[in-house]
Amino acid sequence: MTDALDRQALEVRLARCLELAKQFPTGPTAQMLEDLEVELRDQIRVLEFRRLA
């Protein structure tokens with residue numbers, strides 16, 4: 001996959017993660033979703049850095 005498609009897929013996953021976070025504001029699921037959000041945002045940042053490099 002190209003970086004653009006990778007980024008698009010990551011952004012879709014991030015949007016879904018944020019939607020789920022609204023449904024699970026507390027508890028272990030909320031923590032897992034927060035961790036996933038951080039990981040997805042980090043991956044998007046890496047792709048953006050590669051694009052700019």
# chains A, B, ... in the order shown; residues from 1 in each chain; ligands from 1

call {"tool": "residues_around", "arguments": {"residues": "range 14-17 of chain A", "least_positions_apart": "5", "cutoff": "8 Å", "atoms": "only C-alpha atoms", "output": "PDB file with N, CA, C and O atoms, in the first residue's frame"}}
result
ATOM      1  N   LEU A  33      -9.005   1.906  24.443  1.00  0.00           N
ATOM      2  CA  LEU A  33      -9.279   2.803  23.324  1.00  0.00           C
ATOM      3  C   LEU A  33      -8.347   4.020  23.347  1.00  0.00           C
ATOM      4  O   LEU A  33      -7.899   4.483  22.299  1.00  0.00           O
ATOM      5  N   LEU A  36      -5.067   2.816  22.045  1.00  0.00           N
ATOM      6  CA  LEU A  36      -5.173   2.629  20.596  1.00  0.00           C
ATOM      7  C   LEU A  36      -5.136   3.977  19.878  1.00  0.00           C
ATOM      8  O   LEU A  36      -4.476   4.127  18.850  1.00  0.00           O
ATOM      9  N   GLU A  37      -5.828   4.965  20.442  1.00  0.00           N
ATOM     10  CA  GLU A  37      -5.823   6.303  19.832  1.00  0.00           C
ATOM     11  C   GLU A  37      -4.403   6.860  19.758  1.00  0.00           C
ATOM     12  O   GLU A  37      -3.979   7.384  18.720  1.00  0.00           O
ATOM     13  N   LEU A  40      -2.467   4.977  17.043  1.00  0.00           N
ATOM     14  CA  LEU A  40      -2.878   5.362  15.693  1.00  0.00           C
ATOM     15  C   LEU A  40      -2.353   6.751  15.335  1.00  0.00           C
ATOM     16  O   LEU A  40      -1.864   6.971  14.228  1.00  0.00           O
ATOM     17  N   ARG A  41      -2.455   7.688  16.273  1.00  0.00           N
ATOM     18  CA  ARG A  41      -1.944   9.040  16.016  1.00  0.00           C
ATOM     19  C   ARG A  41      -0.430   9.023  15.774  1.00  0.00           C
ATOM     20  O   ARG A  41       0.077   9.739  14.917  1.00  0.00           O
TER      21      ARG A  41
END

call {"tool": "residues_around", "arguments": {"residues": "Arg45 in chain A", "least_positions_apart": "3", "cutoff": "12 Å", "atoms": "only C-alpha atoms", "output": "list in words"}}
result
Asp3, Asp6, Arg7, Leu10, Glu11, Val38, Glu39, Leu40, Arg41, Asp42, Glu48, Phe49, Arg50, Arg51 and Leu52 of chain A

call {"tool": "closest_residue", "arguments": {"among": "A:Gln8, A:Leu18, A:Gln31, A:Phe24", "to": "Ile44 in chain A", "atoms": "only C-alpha atoms"}}
result
A:Gln8
